[in-house]
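J.: Below is the structure I would like to discuss, written out as structure tokens.
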2 protein chains.
Amino acid sequence: MRTSLCDTLGTTYPIVAFTPSEHVAAAVSRAGGLGVLGCVRFNDADELDRVLEWMDANTDGKPYGVDIVMPSKVPTEGSMTDLEKHIPDEHRAFVERTLNELGVPDLPSTTDDAGVLGWLHSVARAHVEVALKHPISLIANALGSPPNDVIEQAHDRGVKVAALAGKAEHAVSHVDNGVDIVVAQGYEAGGHTGEVASMVLLPEVAERVGDRAPVLAAGGIGSGKQVAAALALGASGVWMGSYWLTTSEYLETMSTSATMQQALLGASSSDTVRTRIFSGKPARLLKTRWTEAWSAPDAPDPLPMPLQNLLVSEAHQRIAAADDPSVVAMPVGQIVGKMNEVRPVADVMADLVREFDEALSRLDKTR
Amino acid sequence: MRTSLCDTLGTTYPIVAFTPSEHVAAAVSRAGGLGVLGCVRFNDADELDRVLEWMDANTDGKPYGVDIVMPSKVPTEGSMTDLEKHIPDEHRAFVERTLNELGVPDLPSTTDDAGVLGWLHSVARAHVEVALKHPISLIANALGSPPNDVIEQAHDRGVKVAALAGKAEHAVSHVDNGVDIVVAQGYEAGGHTGEVASMVLLPEVAERVGDRAPVLAAGGIGSGKQVAAALALGASGVWMGSYWLTTSEYLETMSTSATMQQALLGASSSDTVRTRIFSGKPARLLKTRWTEAWSAPDAPDPLPMPLQNLLVSEAHQRIAAADDPSVVAMPVGQIVGKMNEVRPVADVMADLVREFDEALSRLDKTR
């Protein structure tokens with residue numbers, strides 16, 4: 001399982017792992033892929049700095065990357081207090097009422113309830129600044145092309161830039177903007193995702209982008225069969241996110257995620273929903289009593305980004321603390337149906353390679 | 001491009017073409033695939049009989065099949081008049097108002113306005129009876145397992161039975177019911193379709209069904225790359241529907257479809273919508289001013305099958321007669337983005353085979 005992307009990234013396999021867990025990211029890099037650490041969880045750039053120091057010490061000199069959430073155009077961004085003013089009372093009341101109905105307790109008053117600020121442009125910029133002080137190989141941006149000066153800073157330090165795209169025209173625009181690697185993310189993917197499924201999107205993107213940039217297939221990848229399919233469709237590698245959520249390393253970082261893992265292990269491929277309730281932009285989440293409440297007739301429309309995330313950030317903390325697998329607020333792709341046991345990253349990587357080889361052997365028999 | 005399915009069906013290639021056009025179906029069979037004629041357009045079983053006689057004379061002795069629309073359980077089915085009574089006035093008024101707003105003229109009063117009755121169980125049964133008098137190789141059912149006695153009749157005559165499935169558990173149930181071939185239809189497919197995308201659905205179905213039945217990949221197939229991906233994911237062949245709508249043979253049957261073809265040729269992969277407005281069950285259609293009208297806030301919820309189809313059948317005839325590419329009522333998959341020119345079936349088949357070989361050559365380089 002080797003493509004030109006392996007040379008570009010300095011990896012053994014064309015497998016890129018997006019994860020908020022440094023333990024997962026480091027394990028993927030050690031196993032021959034590229035671990036990409038999601039930065040959105042770090043409200044404090046110094047904390048990211050410390051975690052990247054840990055990455056530097058635990059990746060055996062193998063390459064790794066970071067993922068930020070940054071729109072290409074700098075939004076007019078007030079202080080937290082300014083933003084809070086734009087959240088309607090009706091929305092606050094709905095969230096409070098719903099959490100009560102779902103039996104989600106209040107947080108202890110000692111909890112830091114700042115929520116996740118990584119969605120804010122200023123915070124994402126601080127992530128970039130810190131990350132570029134470390135020996136990263138890749139900066140990926142979940143919201144498409146990062147601003148030009150971020151691309152330039154990365155290139156000045158020999159760091160590749162990747163951008164997610166859910167449509168072929170977005171992919172072309174990213175490459176026009178100087179992005180080096182396109183992540184073509186299909187409908188089936190977890191988190192922010194478009195409407196075109198990978199089977200259709202991947203060849204479209206690969207044909208439109210051509211030789212200008214390698215394309216990573218995102219969405220629906222959890223076995224070597226799917227890696228083979230992605231490469232057949234024109235991708236040079238795969239971008240996997242959801243699948244690492246049920247690795248044993250994930251719990252090492254996210255010690256309170258056992259309930260979330262339990263919910264994922266029991267879910268089928270039909271147990272996800274694409275909704276704006278997580279961040280204000282359409283994102284695929286695990287279908288739970290929380291997502292169902294937002295699709296009820298009395299539920300308000302979700303707010304735009306970043307207001308929706310501010311609205312639900314305390315709710316997400318309460319839900320996480322409630323320890324109830326039927327009420328979980330978690331982005332995950334349709335591949336969740338295949339996530340049925342907790343396994344070490346190295347085992348997942350070994351299976352991907354083995355299943356890929358088996359798929360190619362099966363294809364040989366069709367000639 | 002050869003799998004065990006070719007032996008099962010007696011074809012050169014594992015390519016099955018679903019189409020309402022006998023000219024397309026015959027051309028696919030002659031080119032080495034299996035043409036499967038959609039029967040739902042035949043209100044009169046005698047007309048189907050005559051068309052199948054034409055198929056017998058124009059397939060050079062190559063195998064072909066038919067596709068019916070039949071629920072496994074016989075519904076309580078009244079006369080047309082009984083059914084019409086269940087359509088609310090509000091729905092009739094919305095359709096009439098919308099057509100007027102979209103500038104769709106009334107039909108000439110001489111038009112036969114019986115609509116499409118092939119959705120009715122009694123009509124589908126007549127299709128089966130007629131089809132089994134012809135040398136067909138396959139009966140496919142768009143709504144899953146056909147009734148047991150239909151499966152038995154088919155098997156008695158050496159005819160294979162295929163059934164569409166949008167979830168792995170449905171596929172298993174079809175095989176338990178005696179179905180020979182599972183058509184695993186992903187979210188990206190045109191017409192009636194589920195929510196799980198092919199990248200995730202195909203390996204799930206293939207693994208759950210195992211050696212008990214071959215699996216055909218439906219949804220998103222329009223190039224040999226996608227055929228290779230489908231086989232990598234565990235399918236034994238592909239089921240293509242949308243892609244034949246822009247072949248030159250299609251117009252030979254559907255002489256009034258030039259406007260529809262024009263609309264498809266201009267559409268991108270983002271220009272479809274999954275909605276219940278066509279039949280009462282979720283189906284993917286070309287996004288036009290007609291589908292947009294039904295998603296407006298003032299639009300009523302679509303009725304259940306078969307009422308919704310009765311409600312819109314005259315509207316479909318008016319829309320077809322109106323010759324306006326911006327108002328078309330047409331099921332099509334996301335692959336519509338690749339349907340950019342009108343081509344003969346033989347050219348499409350030749351490209352599928354060539355692109356498949358190219359995809360396998362590219363995969364060879366990853367070892």
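How things are named: the first chain in the structure tokens is A, the next is B, and so on; residues count from 1 in each chain; ligands count from 1 in the order shown.
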Counting only C-alpha atoms, collect the residues of chain B whose closest atom lies at most 9 Å from chain A, and write them out as a ChimeraX atom specification.
T.: /B:1-4,167,186-188,195-201,203-204,219-222,224-234,269-270,334-335,337-338,356-357,359-360,362-367
J.: Within region 100-348 of chain B, find each residue whose DSSP state, derived from the backbone, is strand (DSSP E or B), and express the selection as a ChimeraX atom specification.
T.: /B:138-141,160-165,181-185,191-192,215-218,237-240,247,272-275,283-286,331,343
J.: Keeping only N, CA and C atoms, take the residues you just selected and write them out as a short mmCIF file (atom, residue, chain, number, x, y, z; two decimals), in the first residue's frame.
T.:
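What landed in result.cif:
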data_model
loop_
_atom_site.label_atom_id
_atom_site.label_comp_id
_atom_site.auth_asym_id
_atom_site.auth_seq_id
_atom_site.Cartn_x
_atom_site.Cartn_y
_atom_site.Cartn_z
N LEU B 138 -33.73 -12.66 -15.35
CA LEU B 138 -33.75 -12.02 -14.03
C LEU B 138 -35.04 -11.24 -13.84
N ILE B 139 -35.62 -11.37 -12.63
CA ILE B 139 -36.66 -10.44 -12.19
C ILE B 139 -36.08 -9.68 -11.00
N ALA B 140 -36.00 -8.37 -11.13
CA ALA B 140 -35.51 -7.55 -10.02
C ALA B 140 -36.70 -6.80 -9.43
N ASN B 141 -36.69 -6.66 -8.11
CA ASN B 141 -37.78 -5.93 -7.46
C ASN B 141 -37.24 -4.71 -6.73
N LYS B 160 -33.55 -15.98 -12.18
CA LYS B 160 -33.01 -15.47 -10.92
C LYS B 160 -33.84 -14.29 -10.44
N VAL B 161 -33.84 -14.11 -9.10
CA VAL B 161 -34.58 -12.99 -8.51
C VAL B 161 -33.59 -12.07 -7.79
N ALA B 162 -33.66 -10.78 -8.09
CA ALA B 162 -32.81 -9.78 -7.42
C ALA B 162 -33.71 -8.83 -6.65
N ALA B 163 -33.17 -8.31 -5.53
CA ALA B 163 -33.95 -7.38 -4.73
C ALA B 163 -33.05 -6.26 -4.24
N LEU B 164 -33.56 -5.04 -4.26
CA LEU B 164 -32.80 -3.89 -3.78
C LEU B 164 -32.82 -3.82 -2.27
N ALA B 165 -31.68 -3.41 -1.70
CA ALA B 165 -31.56 -3.23 -0.26
C ALA B 165 -30.73 -2.00 0.03
N ILE B 181 -29.94 -12.58 -5.80
CA ILE B 181 -28.95 -11.53 -6.01
C ILE B 181 -29.41 -10.28 -5.25
N VAL B 182 -28.49 -9.71 -4.46
CA VAL B 182 -28.83 -8.50 -3.71
C VAL B 182 -28.27 -7.28 -4.44
N VAL B 183 -29.12 -6.29 -4.63
CA VAL B 183 -28.68 -5.01 -5.19
C VAL B 183 -28.55 -4.04 -4.01
N ALA B 184 -27.30 -3.75 -3.63
CA ALA B 184 -27.06 -2.87 -2.48
C ALA B 184 -27.02 -1.44 -2.98
N GLN B 185 -28.04 -0.69 -2.64
CA GLN B 185 -28.21 0.64 -3.23
C GLN B 185 -27.87 1.72 -2.21
N GLY B 191 -33.61 7.50 -7.75
CA GLY B 191 -34.82 6.76 -7.41
C GLY B 191 -34.86 6.42 -5.93
N HIS B 192 -35.66 5.40 -5.59
CA HIS B 192 -35.81 5.03 -4.18
C HIS B 192 -34.47 4.63 -3.61
N VAL B 215 -23.56 -9.72 -4.68
CA VAL B 215 -24.06 -8.37 -4.39
C VAL B 215 -23.72 -7.47 -5.57
N LEU B 216 -24.72 -6.73 -6.04
CA LEU B 216 -24.51 -5.72 -7.06
C LEU B 216 -24.45 -4.35 -6.39
N ALA B 217 -23.52 -3.51 -6.83
CA ALA B 217 -23.38 -2.15 -6.29
C ALA B 217 -24.25 -1.21 -7.10
N ALA B 218 -25.17 -0.55 -6.43
CA ALA B 218 -26.03 0.43 -7.10
C ALA B 218 -25.82 1.79 -6.46
N GLY B 237 -20.56 -7.17 -8.94
CA GLY B 237 -20.94 -6.49 -10.17
C GLY B 237 -21.60 -5.18 -9.83
N VAL B 238 -22.07 -4.49 -10.87
CA VAL B 238 -22.71 -3.19 -10.64
C VAL B 238 -24.09 -3.16 -11.27
N TRP B 239 -24.93 -2.33 -10.70
CA TRP B 239 -26.30 -2.07 -11.16
C TRP B 239 -26.33 -0.57 -11.47
N MET B 240 -26.49 -0.23 -12.74
CA MET B 240 -26.48 1.17 -13.14
C MET B 240 -27.85 1.55 -13.68
N THR B 247 -28.16 8.25 -22.90
CA THR B 247 -27.68 7.54 -24.08
C THR B 247 -28.59 7.87 -25.27
N THR B 272 -29.12 17.20 -7.12
CA THR B 272 -30.17 16.22 -6.89
C THR B 272 -30.70 16.42 -5.48
N VAL B 273 -31.86 15.82 -5.21
CA VAL B 273 -32.43 15.93 -3.87
C VAL B 273 -33.17 14.63 -3.55
N ARG B 274 -33.03 14.18 -2.31
CA ARG B 274 -33.72 12.96 -1.88
C ARG B 274 -35.01 13.39 -1.20
N THR B 275 -36.15 12.96 -1.76
CA THR B 275 -37.44 13.49 -1.31
C THR B 275 -38.53 12.43 -1.52
N ALA B 283 -36.91 9.14 -2.56
CA ALA B 283 -36.28 8.85 -3.85
C ALA B 283 -35.46 10.07 -4.25
N ARG B 284 -34.31 9.81 -4.89
CA ARG B 284 -33.47 10.91 -5.33
C ARG B 284 -33.90 11.37 -6.72
N LEU B 285 -34.15 12.67 -6.85
CA LEU B 285 -34.61 13.28 -8.10
C LEU B 285 -33.64 14.38 -8.51
N LEU B 286 -33.70 14.73 -9.79
CA LEU B 286 -33.04 15.95 -10.24
C LEU B 286 -33.66 17.13 -9.51
N PRO B 331 -36.25 10.97 -11.54
CA PRO B 331 -35.30 10.32 -10.64
C PRO B 331 -33.93 10.21 -11.29
N ARG B 343 -24.57 9.76 -25.63
CA ARG B 343 -23.67 8.80 -26.27
C ARG B 343 -24.38 7.48 -26.49
#
J.: Could you name the residues that touch Pro325 (chain B) at 7 Å or less, counting only C-alpha atoms, but leaving out those on the same chain fewer than 3 positions away, as a PyMOL selection string?
T.: chain B and resi 259-260+262-263+328
J.: Write out the residues from the selection above, keeping N, CA and C atoms, as a PDB file, in the first residue's frame.
T.:
ATOM      1  N   THR B 259     -36.028  17.150 -23.583  1.00  0.00           N
ATOM      2  CA  THR B 259     -35.951  18.213 -22.584  1.00  0.00           C
ATOM      3  C   THR B 259     -35.372  17.690 -21.275  1.00  0.00           C
ATOM      4  N   MET B 260     -35.847  16.490 -20.885  1.00  0.00           N
ATOM      5  CA  MET B 260     -35.319  15.864 -19.670  1.00  0.00           C
ATOM      6  C   MET B 260     -33.816  15.624 -19.824  1.00  0.00           C
ATOM      7  N   GLN B 262     -31.742  17.211 -21.671  1.00  0.00           N
ATOM      8  CA  GLN B 262     -31.071  18.515 -21.623  1.00  0.00           C
ATOM      9  C   GLN B 262     -30.856  18.949 -20.165  1.00  0.00           C
ATOM     10  N   ALA B 263     -31.880  18.740 -19.335  1.00  0.00           N
ATOM     11  CA  ALA B 263     -31.770  19.102 -17.921  1.00  0.00           C
ATOM     12  C   ALA B 263     -30.681  18.279 -17.235  1.00  0.00           C
ATOM     13  N   VAL B 328     -38.576  19.699 -14.275  1.00  0.00           N
ATOM     14  CA  VAL B 328     -38.522  18.302 -14.697  1.00  0.00           C
ATOM     15  C   VAL B 328     -38.745  17.466 -13.449  1.00  0.00           C
TER      16      VAL B 328
END
J.: Any chance you could list, as a VMD selection string, the residues in region 105-352 of chain B that come up alpha helix (DSSP H) when DSSP is run on the backbone?
T.: chain B and resid 121 to 131 148 to 156 168 to 176 198 to 209 224 to 232 248 to 253 258 to 265 289 to 294 307 to 322 345 to 352
J.: Which residues are near region 304-311 of chain A? Cut-off 8 Å, only C-alpha atoms, ignore same chain within fewer than 2 positions. Put them as a list in words.
T.: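 Residues meeting the cut-off are Leu83, Glu84, His86, Ile87, His91, Arg92, Gly115, Val116, Trp119, Leu120, Ile277, Phe278, Ser279, Gly280, Lys281, Pro302, Ser313, Glu314 and Ala315 of chain A.
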